[in-house]
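K.L.:
Got a structure for you, entry12.cif, holding mmCIF, C-alpha atoms, pLDDT in the B column; chains and numbers go by the auth columns.
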data_model
#
loop_
_atom_site.group_PDB
_atom_site.id
_atom_site.type_symbol
_atom_site.label_atom_id
_atom_site.label_comp_id
_atom_site.label_asym_id
_atom_site.label_seq_id
_atom_site.Cartn_x
_atom_site.Cartn_y
_atom_site.Cartn_z
_atom_site.B_iso_or_equiv
_atom_site.auth_seq_id
_atom_site.auth_asym_id
ATOM 1 C CA MET A 1 28.934 39.401 3.309 50.00 1 W
ATOM 2 C CA ALA A 2 25.172 39.881 3.551 54.00 2 W
ATOM 3 C CA ASN A 3 23.825 43.373 4.244 57.00 3 W
ATOM 4 C CA LEU A 4 21.788 43.092 7.441 59.00 4 W
ATOM 5 C CA GLY A 5 20.744 46.756 7.428 66.00 5 W
ATOM 6 C CA ASN A 6 20.164 47.973 10.982 68.00 6 W
ATOM 7 C CA PHE A 7 19.934 44.494 12.526 61.00 7 W
ATOM 8 C CA ASP A 8 21.709 44.273 15.881 66.00 8 W
ATOM 9 C CA ALA A 9 21.934 40.783 17.361 61.00 9 W
ATOM 10 C CA ASN A 10 22.549 42.303 20.781 68.00 10 W
ATOM 11 C CA GLN A 11 19.039 43.772 20.706 68.00 11 W
ATOM 12 C CA VAL A 12 17.254 40.410 20.181 61.00 12 W
ATOM 13 C CA ASP A 13 15.857 38.487 23.140 62.00 13 W
ATOM 14 C CA PRO A 14 15.262 34.912 21.834 58.00 14 W
ATOM 15 C CA ALA A 15 12.746 34.238 24.606 58.00 15 W
ATOM 16 C CA LEU A 16 10.554 37.099 23.410 59.00 16 W
ATOM 17 C CA SER A 17 11.351 37.470 19.725 53.00 17 W
ATOM 18 C CA PHE A 18 10.734 33.983 18.369 54.00 18 W
ATOM 19 C CA ASP A 19 7.825 31.580 18.523 54.00 19 W
ATOM 20 C CA ALA A 20 8.570 28.129 19.888 53.00 20 W
ATOM 21 C CA LEU A 21 8.693 25.305 17.345 48.00 21 W
ATOM 22 C CA PRO A 22 5.549 23.169 17.419 49.00 22 W
ATOM 23 C CA THR A 23 6.152 19.913 19.270 52.00 23 W
ATOM 24 C CA GLY A 24 6.500 16.861 17.047 50.00 24 W
ATOM 25 C CA LYS A 25 6.350 18.748 13.767 51.00 25 W
ATOM 26 C CA TYR A 26 10.046 18.647 12.985 52.00 26 W
ATOM 27 C CA LEU A 27 11.679 15.232 12.836 68.00 27 W
ATOM 28 C CA ALA A 28 15.336 14.402 13.254 86.00 28 W
ATOM 29 C CA THR A 29 17.426 13.764 10.169 92.00 29 W
ATOM 30 C CA ILE A 30 17.980 10.101 9.358 96.00 30 W
ATOM 31 C CA THR A 31 21.579 8.936 9.715 95.00 31 W
ATOM 32 C CA GLU A 32 23.517 6.069 8.141 96.00 32 W
ATOM 33 C CA SER A 33 23.421 4.268 11.480 96.00 33 W
ATOM 34 C CA ASP A 34 19.612 4.630 11.541 97.00 34 W
ATOM 35 C CA VAL A 35 19.445 2.943 8.138 97.00 35 W
ATOM 36 C CA GLU A 36 21.808 0.166 9.261 96.00 36 W
ATOM 37 C CA ALA A 37 19.653 -0.426 12.351 97.00 37 W
ATOM 38 C CA ALA A 38 16.503 -0.560 10.206 97.00 38 W
ATOM 39 C CA GLN A 39 18.174 -3.139 7.932 96.00 39 W
ATOM 40 C CA ALA A 40 19.128 -5.233 10.959 97.00 40 W
ATOM 41 C CA ASP A 41 15.579 -4.988 12.377 98.00 41 W
ATOM 42 C CA TRP A 42 14.110 -6.192 9.075 97.00 42 W
ATOM 43 C CA GLY A 43 16.488 -9.165 8.962 97.00 43 W
ATOM 44 C CA ALA A 44 15.786 -10.069 12.587 98.00 44 W
ATOM 45 C CA GLY A 45 12.045 -9.864 11.901 97.00 45 W
ATOM 46 C CA ILE A 46 12.263 -12.326 9.000 97.00 46 W
ATOM 47 C CA VAL A 47 14.317 -14.752 11.116 97.00 47 W
ATOM 48 C CA GLU A 48 11.866 -14.428 14.030 97.00 48 W
ATOM 49 C CA ILE A 49 8.806 -15.199 11.871 97.00 49 W
ATOM 50 C CA GLY A 50 10.446 -18.471 10.794 96.00 50 W
ATOM 51 C CA LYS A 51 11.401 -19.398 14.369 96.00 51 W
ATOM 52 C CA VAL A 52 7.868 -18.819 15.628 97.00 52 W
ATOM 53 C CA PHE A 53 6.533 -20.927 12.721 96.00 53 W
ATOM 54 C CA LEU A 54 8.902 -23.828 13.492 95.00 54 W
ATOM 55 C CA ASP A 55 7.998 -23.598 17.205 96.00 55 W
ATOM 56 C CA LYS A 56 4.315 -23.906 16.168 97.00 56 W
ATOM 57 C CA GLY A 57 3.568 -20.469 17.566 97.00 57 W
ATOM 58 C CA ASN A 58 1.394 -17.703 16.155 98.00 58 W
ATOM 59 C CA TYR A 59 3.660 -16.748 13.253 97.00 59 W
ATOM 60 C CA THR A 60 0.898 -14.706 11.612 97.00 60 W
ATOM 61 C CA ALA A 61 0.685 -12.455 14.673 98.00 61 W
ATOM 62 C CA ARG A 62 4.488 -12.149 14.725 98.00 62 W
ATOM 63 C CA ALA A 63 4.527 -11.183 11.039 97.00 63 W
ATOM 64 C CA GLN A 64 1.763 -8.628 11.654 98.00 64 W
ATOM 65 C CA GLU A 65 3.809 -7.135 14.505 98.00 65 W
ATOM 66 C CA MET A 66 6.852 -6.890 12.225 98.00 66 W
ATOM 67 C CA ILE A 67 4.845 -5.221 9.463 98.00 67 W
ATOM 68 C CA ASP A 68 3.275 -2.756 11.922 97.00 68 W
ATOM 69 C CA ALA A 69 6.661 -1.928 13.474 97.00 69 W
ATOM 70 C CA LEU A 70 8.735 -1.647 10.294 98.00 70 W
ATOM 71 C CA TYR A 71 6.464 -0.746 7.371 98.00 71 W
ATOM 72 C CA GLY A 72 4.582 2.510 6.766 97.00 72 W
ATOM 73 C CA TYR A 73 1.201 1.113 5.740 97.00 73 W
ATOM 74 C CA ASP A 74 -0.427 3.515 8.206 95.00 74 W
ATOM 75 C CA LEU A 75 1.038 6.371 6.119 95.00 75 W
ATOM 76 C CA GLY A 76 -0.497 5.132 2.863 94.00 76 W
ATOM 77 C CA PRO A 77 0.388 2.544 0.242 95.00 77 W
ATOM 78 C CA VAL A 78 3.854 1.033 0.587 97.00 78 W
ATOM 79 C CA LEU A 79 5.687 0.520 -2.696 96.00 79 W
ATOM 80 C CA PHE A 80 6.436 -3.177 -2.059 95.00 80 W
ATOM 81 C CA LYS A 81 7.633 -5.492 -4.824 94.00 81 W
ATOM 82 C CA PRO A 82 8.510 -8.844 -3.230 92.00 82 W
ATOM 83 C CA THR A 83 11.152 -11.183 -4.608 89.00 83 W
ATOM 84 C CA MET A 84 8.854 -14.095 -5.353 85.00 84 W
ATOM 85 C CA ALA A 85 5.626 -12.497 -6.562 85.00 85 W
ATOM 86 C CA SER A 86 4.297 -12.395 -10.096 85.00 86 W
ATOM 87 C CA GLY A 87 1.426 -11.574 -12.401 84.00 87 W
ATOM 88 C CA GLU A 88 -1.372 -9.329 -11.206 86.00 88 W
ATOM 89 C CA GLN A 89 -0.157 -9.708 -7.614 87.00 89 W
ATOM 90 C CA THR A 90 3.448 -8.684 -8.172 91.00 90 W
ATOM 91 C CA PHE A 91 3.068 -5.474 -6.185 93.00 91 W
ATOM 92 C CA ARG A 92 1.863 -5.349 -2.563 94.00 92 W
ATOM 93 C CA PRO A 93 0.802 -1.798 -1.673 95.00 93 W
ATOM 94 C CA THR A 94 -1.526 -3.048 1.105 96.00 94 W
ATOM 95 C CA LYS A 95 -0.805 -4.488 4.526 97.00 95 W
ATOM 96 C CA ARG A 96 -2.873 -7.582 3.679 96.00 96 W
ATOM 97 C CA GLY A 97 -0.751 -8.212 0.572 95.00 97 W
ATOM 98 C CA ALA A 98 2.451 -7.894 2.597 96.00 98 W
ATOM 99 C CA LEU A 99 1.193 -10.226 5.325 97.00 99 W
ATOM 100 C CA SER A 100 0.228 -12.819 2.739 95.00 100 W
ATOM 101 C CA TYR A 101 3.666 -12.626 1.157 95.00 101 W
ATOM 102 C CA PHE A 102 5.397 -13.220 4.485 96.00 102 W
ATOM 103 C CA VAL A 103 3.130 -16.014 5.812 97.00 103 W
ATOM 104 C CA GLY A 104 0.942 -17.257 2.928 95.00 104 W
ATOM 105 C CA HIS A 105 -2.462 -18.915 3.450 92.00 105 W
ATOM 106 C CA ASP A 106 -4.547 -16.043 2.093 94.00 106 W
ATOM 107 C CA PRO A 107 -7.057 -17.107 -0.590 93.00 107 W
ATOM 108 C CA GLU A 108 -6.714 -13.680 -2.240 92.00 108 W
ATOM 109 C CA TYR A 109 -3.034 -14.494 -2.869 92.00 109 W
ATOM 110 C CA PRO A 110 -3.048 -18.198 -3.816 91.00 110 W
ATOM 111 C CA LEU A 111 0.567 -18.246 -5.065 90.00 111 W
ATOM 112 C CA ASP A 112 2.039 -17.086 -1.734 92.00 112 W
ATOM 113 C CA SER A 113 3.778 -19.827 0.219 92.00 113 W
ATOM 114 C CA GLY A 114 5.133 -17.611 2.990 93.00 114 W
ATOM 115 C CA PHE A 115 8.568 -16.093 2.416 94.00 115 W
ATOM 116 C CA GLY A 116 9.012 -15.676 6.168 94.00 116 W
ATOM 117 C CA LEU A 117 8.331 -19.381 6.759 95.00 117 W
ATOM 118 C CA LYS A 118 11.344 -20.604 4.798 93.00 118 W
ATOM 119 C CA GLY A 119 13.445 -21.122 7.918 92.00 119 W
ATOM 120 C CA TRP A 120 15.852 -18.228 7.492 95.00 120 W
ATOM 121 C CA ARG A 121 18.526 -18.334 10.182 96.00 121 W
ATOM 122 C CA ASP A 122 20.652 -15.340 9.255 97.00 122 W
ATOM 123 C CA VAL A 123 20.098 -12.189 7.215 97.00 123 W
ATOM 124 C CA GLN A 124 22.967 -9.828 6.356 97.00 124 W
ATOM 125 C CA SER A 125 22.829 -6.624 4.334 96.00 125 W
ATOM 126 C CA GLU A 126 25.632 -5.213 2.204 96.00 126 W
ATOM 127 C CA THR A 127 25.180 -1.608 1.155 96.00 127 W
ATOM 128 C CA ALA A 128 25.825 -0.616 -2.451 97.00 128 W
ATOM 129 C CA ALA A 129 24.683 2.968 -1.904 97.00 129 W
ATOM 130 C CA SER A 130 22.336 5.063 0.154 97.00 130 W
ATOM 131 C CA TYR A 131 20.779 8.492 -0.139 97.00 131 W
ATOM 132 C CA ILE A 132 19.560 10.524 2.821 96.00 132 W
ATOM 133 C CA ASP A 133 17.615 13.780 2.712 94.00 133 W
ATOM 134 C CA GLY A 134 16.227 14.860 6.066 93.00 134 W
ATOM 135 C CA ASP A 135 13.542 12.451 7.228 95.00 135 W
ATOM 136 C CA VAL A 136 13.694 10.310 4.059 96.00 136 W
ATOM 137 C CA ALA A 137 16.380 7.764 3.161 97.00 137 W
ATOM 138 C CA MET A 138 16.883 5.327 0.302 98.00 138 W
ATOM 139 C CA TRP A 139 19.091 2.230 0.471 98.00 139 W
ATOM 140 C CA MET A 140 20.111 -0.360 -2.078 98.00 140 W
ATOM 141 C CA GLY A 141 22.353 -3.369 -1.856 97.00 141 W
ATOM 142 C CA GLN A 142 22.453 -7.115 -1.549 97.00 142 W
ATOM 143 C CA VAL A 143 20.838 -9.078 1.229 97.00 143 W
ATOM 144 C CA THR A 144 22.240 -12.524 1.957 97.00 144 W
ATOM 145 C CA MET A 145 19.879 -14.947 3.675 96.00 145 W
ATOM 146 C CA THR A 146 20.910 -18.321 5.048 97.00 146 W
ATOM 147 C CA ASP A 147 18.281 -20.989 5.707 95.00 147 W
ATOM 148 C CA GLU A 148 18.225 -23.790 8.281 92.00 148 W
ATOM 149 C CA ASP A 149 20.131 -26.118 5.911 94.00 149 W
ATOM 150 C CA GLY A 150 22.896 -23.577 5.358 95.00 150 W
ATOM 151 C CA GLU A 151 21.701 -22.752 1.828 96.00 151 W
ATOM 152 C CA VAL A 152 22.401 -19.153 0.891 96.00 152 W
ATOM 153 C CA THR A 153 20.108 -16.911 -1.159 95.00 153 W
ATOM 154 C CA LYS A 154 21.239 -13.463 -2.299 95.00 154 W
ATOM 155 C CA VAL A 155 18.723 -10.880 -3.394 96.00 155 W
ATOM 156 C CA ASP A 156 19.056 -7.354 -4.693 96.00 156 W
ATOM 157 C CA LYS A 157 17.013 -4.961 -2.581 97.00 157 W
ATOM 158 C CA SER A 158 16.066 -1.322 -2.382 98.00 158 W
ATOM 159 C CA PHE A 159 14.385 0.182 0.666 98.00 159 W
ATOM 160 C CA GLY A 160 12.940 3.647 1.165 98.00 160 W
ATOM 161 C CA TYR A 161 12.501 4.895 4.717 98.00 161 W
ATOM 162 C CA LYS A 162 10.560 7.756 6.288 97.00 162 W
ATOM 163 C CA ARG A 163 11.049 8.900 9.877 96.00 163 W
ATOM 164 C CA VAL A 164 7.628 9.194 11.498 94.00 164 W
ATOM 165 C CA ALA A 165 6.302 11.111 14.502 90.00 165 W
ATOM 166 C CA ASP A 166 7.384 8.451 17.029 90.00 166 W
ATOM 167 C CA GLY A 167 10.971 8.923 15.786 92.00 167 W
ATOM 168 C CA GLU A 168 11.201 5.481 14.196 95.00 168 W
ATOM 169 C CA LEU A 169 11.880 4.681 10.557 97.00 169 W
ATOM 170 C CA ARG A 170 9.152 3.081 8.476 98.00 170 W
ATOM 171 C CA ILE A 171 9.648 1.300 5.172 98.00 171 W
ATOM 172 C CA VAL A 172 7.709 3.096 2.436 98.00 172 W
ATOM 173 C CA LEU A 173 9.486 1.404 -0.486 98.00 173 W
ATOM 174 C CA HIS A 174 10.702 -2.209 -0.620 97.00 174 W
ATOM 175 C CA HIS A 175 11.835 -3.667 -3.935 97.00 175 W
ATOM 176 C CA SER A 176 13.416 -7.093 -4.096 94.00 176 W
ATOM 177 C CA SER A 177 14.618 -9.212 -6.996 92.00 177 W
ATOM 178 C CA LEU A 178 16.930 -12.092 -7.673 88.00 178 W
ATOM 179 C CA PRO A 179 20.226 -11.022 -9.276 86.00 179 W
ATOM 180 C CA TYR A 180 20.267 -11.100 -13.054 83.00 180 W
ATOM 181 C CA GLN A 181 21.706 -14.319 -14.495 82.00 181 W
ATOM 182 C CA PRO A 182 22.674 -13.864 -18.153 84.00 182 W
ATOM 183 C CA TRP A 183 21.885 -16.807 -20.407 71.00 183 W
ATOM 184 C CA ALA A 184 24.833 -19.095 -21.057 52.00 184 W
ATOM 185 C CA ASN A 185 25.908 -19.069 -24.692 56.00 185 W
ATOM 186 C CA SER A 186 26.731 -22.666 -25.462 50.00 186 W
#
The structure in this file should be written as structure tokens.

P.N.:
Amino acid sequence: MANLGNFDANQVDPALSFDALPTGKYLATITESDVEAAQADWGAGIVEIGKVFLDKGNYTARAQEMIDALYGYDLGPVLFKPTMASGEQTFRPTKRGALSYFVGHDPEYPLDSGFGLKGWRDVQSETAASYIDGDVAMWMGQVTMTDEDGEVTKVDKSFGYKRVADGELRIVLHHSSLPYQPWANS
């Protein structure tokens, strides 16, 4: 047992002896259910972008809203490696790069066709593992996306989350790749 010297807990008045914690400085620990909700929000956002596109609505504005709500570009660069990006534009640390990936039509990113415009109808996440330490969480697993024709695409994903001052999680790392397919030996 620790030696507390002459400390007497009965002599401490918490109202007078301790400074109050500064408001907003300490954030709640992320939980598994927070991570699951963030995964579901990301999937719903991708589906919604496609619906707005097919309804001839302002899909770019919807994608921007999703990025602002879910990604941490206001915190600094996001470590974003999209599934279908290559060459010098493989990585998308800027909000503009992310928006182009999701909706295309940006001359700075001529290879982007708009991942969010592919008509995804359902997005499901299957966790392989997660790591949580206070207001930071990491997740990896497979995400299964079904398009309007019922075609299924599975991708391997890793997400890193940070809880921010408004209490929400923001994506600060997003890595996506197609599962490895070993060459057939024939």

K.L.:
W:Gln181, W:Thr31, W:Ser113, W:Gln39: which is nearest Gly141 of chain W, counting only C-alpha atoms?

P.N.:
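Answer, going by the shortest atom-to-atom distance: W:Gln39.
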
K.L.:
For the file shown, report as JSON, numbers by chain the outcome of the PyMOL selection byres ((chain W and resi 86-101) around 10) at residue level.

P.N.:
{"W": [60, 61, 63, 64, 66, 67, 68, 71, 72, 73, 74, 76, 77, 78, 79, 80, 81, 82, 83, 84, 85, 102, 103, 104, 105, 106, 107, 108, 109, 110, 111, 112, 113, 114, 115, 116, 117, 172, 173, 174, 175]}

K.L.:
Can you measure atom CA of Leu75 of chain W to atom CA of Gly167 of chain W for me? One decimal in Å is fine.

P.N.:
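Spanning atom CA of Leu75 of chain W to atom CA of Gly167 of chain W is a straight-line distance of 14.1 Å.
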
K.L.:
Take the PyMOL selection byres ((chain W and resi 156) around 10), apply it to the structure above, and return the hits as number ranges by chain.

P.N.:
W: 83, 125-126, 128, 140-144, 154-155, 157-158, 175-180

K.L.:
Using all atoms listed in the file, which residue out of W:Asp133, W:Gly43, W:Val152, W:Leu169 lies closest to Leu70 of chain W?

P.N.:
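Going through W:Asp133, W:Gly43, W:Val152, W:Leu169 one by one, the smallest distance to Leu70 of chain W is for W:Leu169.
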
K.L.:
Just the residues within 10 Å of Glu168 of chain W, please, counting all atoms listed in the file, with nothing from its chain fewer than 5 positions along; format it as a PyMOL selection string.

P.N.:
chain W and resi 27-28+30+34+38+69-70+161-163

K.L.:
Name all residues at most 10 Å from Thr146 of chain W (count all atoms listed in the file; drop same-chain ones fewer than 4 positions away) and give them as a list in words.

P.N.:
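My list of contacting residues is Val47, Lys118, Gly119, Trp120, Arg121, Asp122, Val123, Gln124, Gly150, Glu151, Val152, Thr153 and Lys154 of chain W.
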
K.L.:
Just to confirm, what's the straight-line distance from atom CA of Tyr59 of chain W to atom CA of Ile46 of chain W in Å (one decimal)?

P.N.:
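These atoms are spaced 10.6 Å apart.
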
K.L.:
State, in Å with one decimal place, the distance from atom CA of Thr29 of chain W to atom CA of Ile132 of chain W.

P.N.:
8.3 Å

K.L.:
For a quick check of understanding, using all atoms listed in the file, which of W:Arg170, W:Lys56, W:Glu36, W:Asp147 has the smallest distance to Asp135 of chain W?

P.N.:
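Once distances to Asp135 of chain W are computed over all atoms listed in the file, the minimum belongs to W:Arg170.
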